[in-house]
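Comments concern the structure below.
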Amino acid sequence: MKALAARRHHRFAPVVLLLLALLVTGGVYAAFAPTPANAETASTEDIETGQKLFQANCATCHGPNAEGTDTAPSLVGVGAASVDFQVSTGRMPMQMDGPQAIQKPRQFNEEQTAQLAAYVASLGAGPAIPTDEQVDASLGDVANGAAIFRTNCAMCHNAVGAGGALSEGKFAPPLWETSERNIYQAMLTGPQSMPVFNDATITPEEKRDVIAFLEFQREGSAGGLSLGSLGPVSEGLWAWIVGMGLLIGAAVWIGAKSS
């Protein structure tokens, strides 16, 4: 019995137990963790084609292996969603240096964009391109989306998604013509000056609610002329100048007619 007890309390026993615990934890995580990238659904041919497209169009700035350079960040681990957003909106490849990448006509078609995304996703785990169900505005709650948007997004994008100016020549773009998929991907990846709203901050269901709210804004203002949806301060100033100006002008005209 003493010999058995001695073996059970061997000095290497804690190390062995720790290694076993780490092995079990890693196995459980690998089995149940959600797939973070679209690389697994892409074929080897798509990844290889995406690599060729990357070498020809992106490697000059981001490095031959997407490791990043002095002028552009590393793309290892950014995921397929980030690539799909930047390339499908024409922001990348970037046309010229500036405070931020400007949206322009896209350079690659849907298939090429998917191949580029598959290649970058194969370099390291990152956010995946959302499914059609995740971005379906008809499944979202407009009222909840409005509350989430005004809490997290309105300070830059305006209360109804009309966009706004930021510092150092940057700006938050209007969202009325942005696709549902790219609205979701922007929240997920945080392009430009935008913060990242991961699924722990804004859940996938809440992201869909935000999309539903922005879709609702595209239907126009129920109150009539929106004055560009620039916000209460700008609209109030416009009403004050024009409204009071008309009243003063009318008073002067009436006074002149009566004299």
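Starting from 1 in every chain, residues are counted up; chains themselves are A, B, ... following the order of the structure tokens, and ligands are numbered from 1 as listed.
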Would you list the contacts of Ala101 (chain A) as a compact mmCIF listing (two decimals) with C-alpha atoms, in the first residue's frame, taking every protein, DNA or RNA residue within 10 Å and counting only C-alpha atoms, but skipping same-chain residues closer than 4 positions in sequence?
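Output file out_5.txt follows:
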```
# COMPACT_ATOMS: atom_id res chain seq x y z
CA GLN A 86 -13.24 45.46 -48.60
CA GLY A 90 -14.23 48.47 -54.20
CA ARG A 91 -12.28 49.84 -51.24
CA MET A 92 -9.53 47.34 -52.01
CA PRO A 93 -7.32 47.38 -53.95
CA MET A 94 -6.95 50.95 -52.74
CA GLN A 95 -6.93 53.55 -55.52
CA MET A 96 -4.69 56.07 -53.76
CA ASP A 97 -3.28 56.89 -50.35
CA LYS A 170 -12.16 60.65 -42.28
CA PRO A 191 -13.26 48.55 -41.15
CA GLN A 192 -11.48 51.93 -41.21
```
Show me, as a tab-separated table (two decimals) with N, CA and C atoms, in the first residue's frame, the residues that have an atom within 12 Å of region 194-196 of chain A when counting only C-alpha atoms, minus same-chain residues fewer than 2 positions from it.
```tsv
chain	number	residue	atom	x	y	z
A	78	VAL	N	-7.55	37.90	-40.41
A	78	VAL	CA	-8.66	38.85	-40.55
A	78	VAL	C	-9.94	38.15	-40.98
A	82	SER	N	-13.82	40.07	-43.76
A	82	SER	CA	-13.11	41.34	-43.97
A	82	SER	C	-12.73	41.51	-45.43
A	100	GLN	N	-8.62	57.44	-45.58
A	100	GLN	CA	-9.29	56.15	-45.53
A	100	GLN	C	-9.56	55.68	-46.95
A	127	PRO	N	-13.33	35.96	-38.82
A	127	PRO	CA	-14.78	36.00	-39.04
A	127	PRO	C	-15.16	35.52	-40.43
A	152	ASN	N	-24.97	52.47	-30.39
A	152	ASN	CA	-23.62	52.09	-30.79
A	152	ASN	C	-23.11	52.76	-32.07
A	153	CYS	N	-24.01	53.26	-32.92
A	153	CYS	CA	-23.60	53.66	-34.26
A	153	CYS	C	-23.94	55.11	-34.61
A	154	ALA	N	-24.99	55.66	-33.97
A	154	ALA	CA	-25.53	56.96	-34.40
A	154	ALA	C	-24.54	58.09	-34.22
A	155	MET	N	-23.63	58.00	-33.26
A	155	MET	CA	-22.69	59.10	-33.03
A	155	MET	C	-21.77	59.33	-34.24
A	156	CYS	N	-21.60	58.33	-35.09
A	156	CYS	CA	-20.79	58.50	-36.30
A	156	CYS	C	-21.64	58.50	-37.56
A	157	HIS	N	-22.59	57.56	-37.65
A	157	HIS	CA	-23.36	57.37	-38.88
A	157	HIS	C	-24.66	58.16	-38.91
A	166	LEU	N	-15.87	62.71	-39.57
A	166	LEU	CA	-15.02	62.34	-38.44
A	166	LEU	C	-13.79	63.23	-38.45
A	170	LYS	N	-11.43	61.90	-42.17
A	170	LYS	CA	-12.16	60.65	-42.28
A	170	LYS	C	-13.66	60.92	-42.17
A	171	PHE	N	-14.46	59.93	-42.53
A	171	PHE	CA	-15.90	60.10	-42.45
A	171	PHE	C	-16.57	58.73	-42.31
A	172	ALA	N	-17.76	58.77	-41.72
A	172	ALA	CA	-18.60	57.58	-41.63
A	172	ALA	C	-19.58	57.62	-42.80
A	173	PRO	N	-19.56	56.64	-43.70
A	173	PRO	CA	-20.37	56.73	-44.92
A	173	PRO	C	-21.86	56.53	-44.64
A	183	ILE	N	-23.30	45.46	-44.41
A	183	ILE	CA	-23.60	46.07	-43.11
A	183	ILE	C	-23.21	45.11	-42.00
A	184	TYR	N	-23.57	43.85	-42.16
A	184	TYR	CA	-23.23	42.82	-41.15
A	184	TYR	C	-21.72	42.69	-41.03
A	185	GLN	N	-21.04	42.61	-42.19
A	185	GLN	CA	-19.59	42.41	-42.18
A	185	GLN	C	-18.85	43.61	-41.60
A	186	ALA	N	-19.38	44.80	-41.81
A	186	ALA	CA	-18.76	45.99	-41.22
A	186	ALA	C	-18.82	45.92	-39.70
A	187	MET	N	-19.98	45.54	-39.16
A	187	MET	CA	-20.10	45.40	-37.71
A	187	MET	C	-19.15	44.32	-37.20
A	188	LEU	N	-19.02	43.26	-37.96
A	188	LEU	CA	-18.23	42.11	-37.52
A	188	LEU	C	-16.73	42.36	-37.57
A	189	THR	N	-16.27	43.15	-38.54
A	189	THR	CA	-14.83	43.31	-38.74
A	189	THR	C	-14.29	44.69	-38.39
A	190	GLY	N	-15.16	45.72	-38.33
A	190	GLY	CA	-14.70	47.05	-37.96
A	190	GLY	C	-13.74	47.68	-38.94
A	191	PRO	N	-14.17	47.93	-40.19
A	191	PRO	CA	-13.26	48.55	-41.15
A	191	PRO	C	-12.99	50.02	-40.84
A	192	GLN	N	-11.86	50.52	-41.36
A	192	GLN	CA	-11.48	51.93	-41.21
A	192	GLN	C	-11.43	52.34	-39.73
A	198	ASN	N	-18.05	42.42	-32.18
A	198	ASN	CA	-18.09	40.97	-32.32
A	198	ASN	C	-19.39	40.41	-31.75
A	199	ASP	N	-19.56	39.11	-31.86
A	199	ASP	CA	-20.83	38.49	-31.45
A	199	ASP	C	-21.06	38.56	-29.95
A	200	ALA	N	-20.00	38.82	-29.18
A	200	ALA	CA	-20.19	38.99	-27.74
A	200	ALA	C	-20.71	40.39	-27.41
A	201	THR	N	-20.45	41.35	-28.30
A	201	THR	CA	-20.90	42.73	-28.09
A	201	THR	C	-22.29	42.95	-28.67
A	202	ILE	N	-22.46	42.59	-29.93
A	202	ILE	CA	-23.76	42.63	-30.60
A	202	ILE	C	-23.98	41.25	-31.21
```
Notebook entry, point to check: From the list A:Thr69, A:Ala256, A:Leu116, A:Leu123, which residue is nearest Gln55 (chain A) when using only C-alpha atoms?
Noted result: A:Leu116
Notebook entry, point to check: Could you state the separation of CA of Leu214 (chain A) and CA of Val142 (chain A) in Å, given to one decimal place?
Noted result: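 Separation of CA of Leu214 (chain A) and CA of Val142 (chain A): 8.3 Å.
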Find the spatial neighbours of Ile211 (chain A), counting only C-alpha atoms, within a cut-off of 10 Å - ignore same-chain residues fewer than 6 positions away - and output them as a compact mmCIF listing (two decimals) with all heavy atoms, in the first residue's frame.
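To be explicit, this is the file written out as result-v2.txt:
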```
# COMPACT_ATOMS: atom_id res chain seq x y z
N GLN A 134 -28.61 35.11 -41.78
CA GLN A 134 -28.09 36.08 -40.82
C GLN A 134 -28.32 37.52 -41.25
O GLN A 134 -28.41 38.41 -40.41
CB GLN A 134 -26.59 35.84 -40.59
CG GLN A 134 -26.27 34.62 -39.74
CD GLN A 134 -24.79 34.41 -39.60
OE1 GLN A 134 -24.05 34.30 -40.58
NE2 GLN A 134 -24.31 34.36 -38.37
N VAL A 135 -28.41 37.76 -42.56
CA VAL A 135 -28.56 39.14 -43.05
C VAL A 135 -29.96 39.41 -43.60
O VAL A 135 -30.18 40.46 -44.21
CB VAL A 135 -27.50 39.44 -44.14
CG1 VAL A 135 -26.11 39.24 -43.60
CG2 VAL A 135 -27.71 38.57 -45.37
N ASP A 136 -30.88 38.51 -43.36
CA ASP A 136 -32.26 38.67 -43.87
C ASP A 136 -33.00 39.70 -43.02
O ASP A 136 -33.40 39.41 -41.88
CB ASP A 136 -32.98 37.33 -43.85
CG ASP A 136 -34.32 37.38 -44.55
OD1 ASP A 136 -34.80 38.49 -44.88
OD2 ASP A 136 -34.92 36.31 -44.77
N ALA A 137 -33.20 40.90 -43.56
CA ALA A 137 -33.84 41.98 -42.80
C ALA A 137 -35.27 41.65 -42.41
O ALA A 137 -35.77 42.15 -41.40
CB ALA A 137 -33.80 43.27 -43.60
N SER A 138 -35.94 40.81 -43.20
CA SER A 138 -37.34 40.47 -42.89
C SER A 138 -37.48 39.68 -41.60
O SER A 138 -38.57 39.60 -41.03
CB SER A 138 -37.95 39.67 -44.05
OG SER A 138 -37.31 38.42 -44.20
N LEU A 139 -36.38 39.10 -41.12
CA LEU A 139 -36.41 38.33 -39.87
C LEU A 139 -36.00 39.19 -38.66
O LEU A 139 -36.00 38.69 -37.54
CB LEU A 139 -35.47 37.12 -39.98
CG LEU A 139 -35.75 36.13 -41.11
CD1 LEU A 139 -34.70 35.04 -41.14
CD2 LEU A 139 -37.14 35.52 -40.96
N GLY A 140 -35.66 40.45 -38.90
CA GLY A 140 -35.17 41.31 -37.82
C GLY A 140 -36.26 42.10 -37.14
O GLY A 140 -37.38 42.24 -37.65
N ASP A 141 -35.94 42.64 -35.98
CA ASP A 141 -36.83 43.48 -35.18
C ASP A 141 -36.40 44.93 -35.37
O ASP A 141 -35.34 45.34 -34.88
CB ASP A 141 -36.74 43.06 -33.72
CG ASP A 141 -37.70 43.83 -32.82
OD1 ASP A 141 -38.08 44.96 -33.17
OD2 ASP A 141 -38.08 43.30 -31.76
N VAL A 142 -37.21 45.72 -36.08
CA VAL A 142 -36.85 47.10 -36.41
C VAL A 142 -36.68 47.95 -35.15
O VAL A 142 -35.72 48.73 -35.03
CB VAL A 142 -37.91 47.73 -37.33
CG1 VAL A 142 -37.62 49.22 -37.55
CG2 VAL A 142 -37.96 47.00 -38.66
N GLY A 145 -33.54 47.02 -33.39
CA GLY A 145 -32.42 47.48 -34.20
C GLY A 145 -32.19 48.96 -34.07
O GLY A 145 -31.05 49.43 -34.04
N ALA A 146 -33.28 49.74 -33.96
CA ALA A 146 -33.16 51.19 -33.79
C ALA A 146 -32.47 51.52 -32.47
O ALA A 146 -31.59 52.40 -32.41
CB ALA A 146 -34.54 51.83 -33.85
N PHE A 149 -28.75 50.56 -32.77
CA PHE A 149 -28.04 51.46 -33.68
C PHE A 149 -27.80 52.81 -33.01
O PHE A 149 -26.70 53.36 -33.10
CB PHE A 149 -28.86 51.64 -34.96
CG PHE A 149 -28.15 52.46 -36.01
CD1 PHE A 149 -27.29 51.85 -36.91
CD2 PHE A 149 -28.34 53.83 -36.08
CE1 PHE A 149 -26.64 52.60 -37.88
CE2 PHE A 149 -27.69 54.58 -37.04
CZ PHE A 149 -26.83 53.97 -37.95
N LEU A 175 -25.43 54.73 -45.05
CA LEU A 175 -25.67 53.29 -45.10
C LEU A 175 -26.93 52.91 -45.87
O LEU A 175 -27.29 51.74 -45.91
CB LEU A 175 -25.79 52.74 -43.66
CG LEU A 175 -24.59 53.03 -42.76
CD1 LEU A 175 -24.87 52.55 -41.35
CD2 LEU A 175 -23.33 52.36 -43.31
N THR A 178 -25.93 50.58 -48.76
CA THR A 178 -25.02 49.48 -48.42
C THR A 178 -25.79 48.17 -48.35
O THR A 178 -26.87 48.12 -47.78
CB THR A 178 -24.31 49.74 -47.08
OG1 THR A 178 -23.68 51.02 -47.13
CG2 THR A 178 -23.28 48.68 -46.79
N SER A 179 -25.24 47.11 -48.92
CA SER A 179 -25.94 45.82 -48.93
C SER A 179 -26.04 45.25 -47.51
O SER A 179 -25.24 45.58 -46.62
CB SER A 179 -25.20 44.82 -49.83
OG SER A 179 -23.97 44.43 -49.24
N GLU A 180 -27.04 44.40 -47.33
CA GLU A 180 -27.25 43.79 -46.01
C GLU A 180 -26.02 43.02 -45.55
O GLU A 180 -25.62 43.10 -44.39
CB GLU A 180 -28.47 42.85 -46.05
CG GLU A 180 -29.80 43.55 -46.21
CD GLU A 180 -30.12 43.89 -47.65
OE1 GLU A 180 -29.24 43.66 -48.52
OE2 GLU A 180 -31.22 44.40 -47.92
N ARG A 181 -25.40 42.30 -46.48
CA ARG A 181 -24.23 41.51 -46.12
C ARG A 181 -23.08 42.39 -45.67
O ARG A 181 -22.38 42.09 -44.70
CB ARG A 181 -23.80 40.64 -47.31
CG ARG A 181 -22.68 39.66 -46.98
CD ARG A 181 -22.45 38.69 -48.12
NE ARG A 181 -21.70 39.30 -49.20
CZ ARG A 181 -21.41 38.68 -50.35
NH1 ARG A 181 -21.84 37.45 -50.54
NH2 ARG A 181 -20.71 39.28 -51.28
N ASN A 182 -22.89 43.52 -46.36
CA ASN A 182 -21.78 44.39 -46.00
C ASN A 182 -22.04 45.17 -44.72
O ASN A 182 -21.10 45.53 -44.01
CB ASN A 182 -21.45 45.33 -47.16
CG ASN A 182 -20.62 44.65 -48.23
OD1 ASN A 182 -19.86 43.73 -47.94
ND2 ASN A 182 -20.78 45.08 -49.47
N ILE A 183 -23.30 45.46 -44.41
CA ILE A 183 -23.60 46.07 -43.11
C ILE A 183 -23.21 45.11 -42.00
O ILE A 183 -22.57 45.49 -41.01
CB ILE A 183 -25.10 46.42 -43.01
CG1 ILE A 183 -25.45 47.55 -43.98
CG2 ILE A 183 -25.46 46.83 -41.58
CD1 ILE A 183 -26.93 47.83 -44.08
N TYR A 184 -23.57 43.85 -42.16
CA TYR A 184 -23.23 42.82 -41.15
C TYR A 184 -21.72 42.69 -41.03
O TYR A 184 -21.15 42.66 -39.93
CB TYR A 184 -23.86 41.49 -41.56
CG TYR A 184 -23.82 40.43 -40.50
CD1 TYR A 184 -24.96 40.08 -39.79
CD2 TYR A 184 -22.63 39.74 -40.20
CE1 TYR A 184 -24.93 39.09 -38.82
CE2 TYR A 184 -22.60 38.76 -39.23
CZ TYR A 184 -23.76 38.44 -38.55
OH TYR A 184 -23.73 37.45 -37.59
N GLU A 205 -28.22 37.93 -33.94
CA GLU A 205 -29.63 38.32 -34.05
C GLU A 205 -29.78 39.84 -33.96
O GLU A 205 -30.59 40.44 -34.67
CB GLU A 205 -30.46 37.65 -32.96
CG GLU A 205 -30.60 36.13 -33.10
CD GLU A 205 -29.34 35.39 -32.70
OE1 GLU A 205 -28.47 35.99 -32.03
OE2 GLU A 205 -29.20 34.20 -33.09
N GLN A 217 -35.29 52.57 -42.91
CA GLN A 217 -35.00 53.97 -43.20
C GLN A 217 -35.04 54.26 -44.69
O GLN A 217 -35.26 55.41 -45.10
CB GLN A 217 -33.63 54.36 -42.63
CG GLN A 217 -33.49 54.19 -41.14
CD GLN A 217 -34.59 54.91 -40.38
OE1 GLN A 217 -34.84 56.08 -40.60
NE2 GLN A 217 -35.24 54.19 -39.48
```
Next item on the list: Work out how far apart CA of Phe54 (chain A) and CA of Gln115 (chain A) are and give it in Å to one decimal.
Entry: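 Between CA of Phe54 (chain A) and CA of Gln115 (chain A) the gap is 9.4 Å.
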Checklist line | Contacts of Val120 (chain A) at 7 Å (only C-alpha atoms; same-chain gap of 4+ positions) as number ranges by chain | finding: A: 75-76, 79-80, 116
Notebook entry, point to check: Mind checking DSSP for region 8-252 of chain A and telling me the strand (DSSP E) residues as a list in words?
Noted result: Gly164, Ala165, Phe171 and Ala172 of chain A
Notebook entry, point to check: Hey, can you check how far CA of Gly68 (chain A) sits from CA of Ile129 (chain A)?
Noted result: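 If I compute the distance from CA of Gly68 (chain A) to CA of Ile129 (chain A), I get 22.1 Å.
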Next item on the list: Would you please extract all alpha helix (DSSP H) residues from region 2-246 of chain A, as assigned by DSSP on the backbone, and give them as a PyMOL selection string?
Entry: chain A and resi 2-8+13-32+44-57+59-62+79-88+110-123+142-152+154-157+180-189+204-217+232-246
Item checked: Selected residue, from A:Gln107, A:Thr203, A:Thr131, A:Asn158, that lies nearest to Asn57 (chain A) when counting only C-alpha atoms -> A:Gln107
Next item on the list: May I ask which of the residues A:Pro130, A:Glu206, A:Phe108, A:Ser167 is the closest one to Ala143 (chain A), counting only C-alpha atoms?
Entry: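 So, comparing all the options, the nearest one is A:Glu206.
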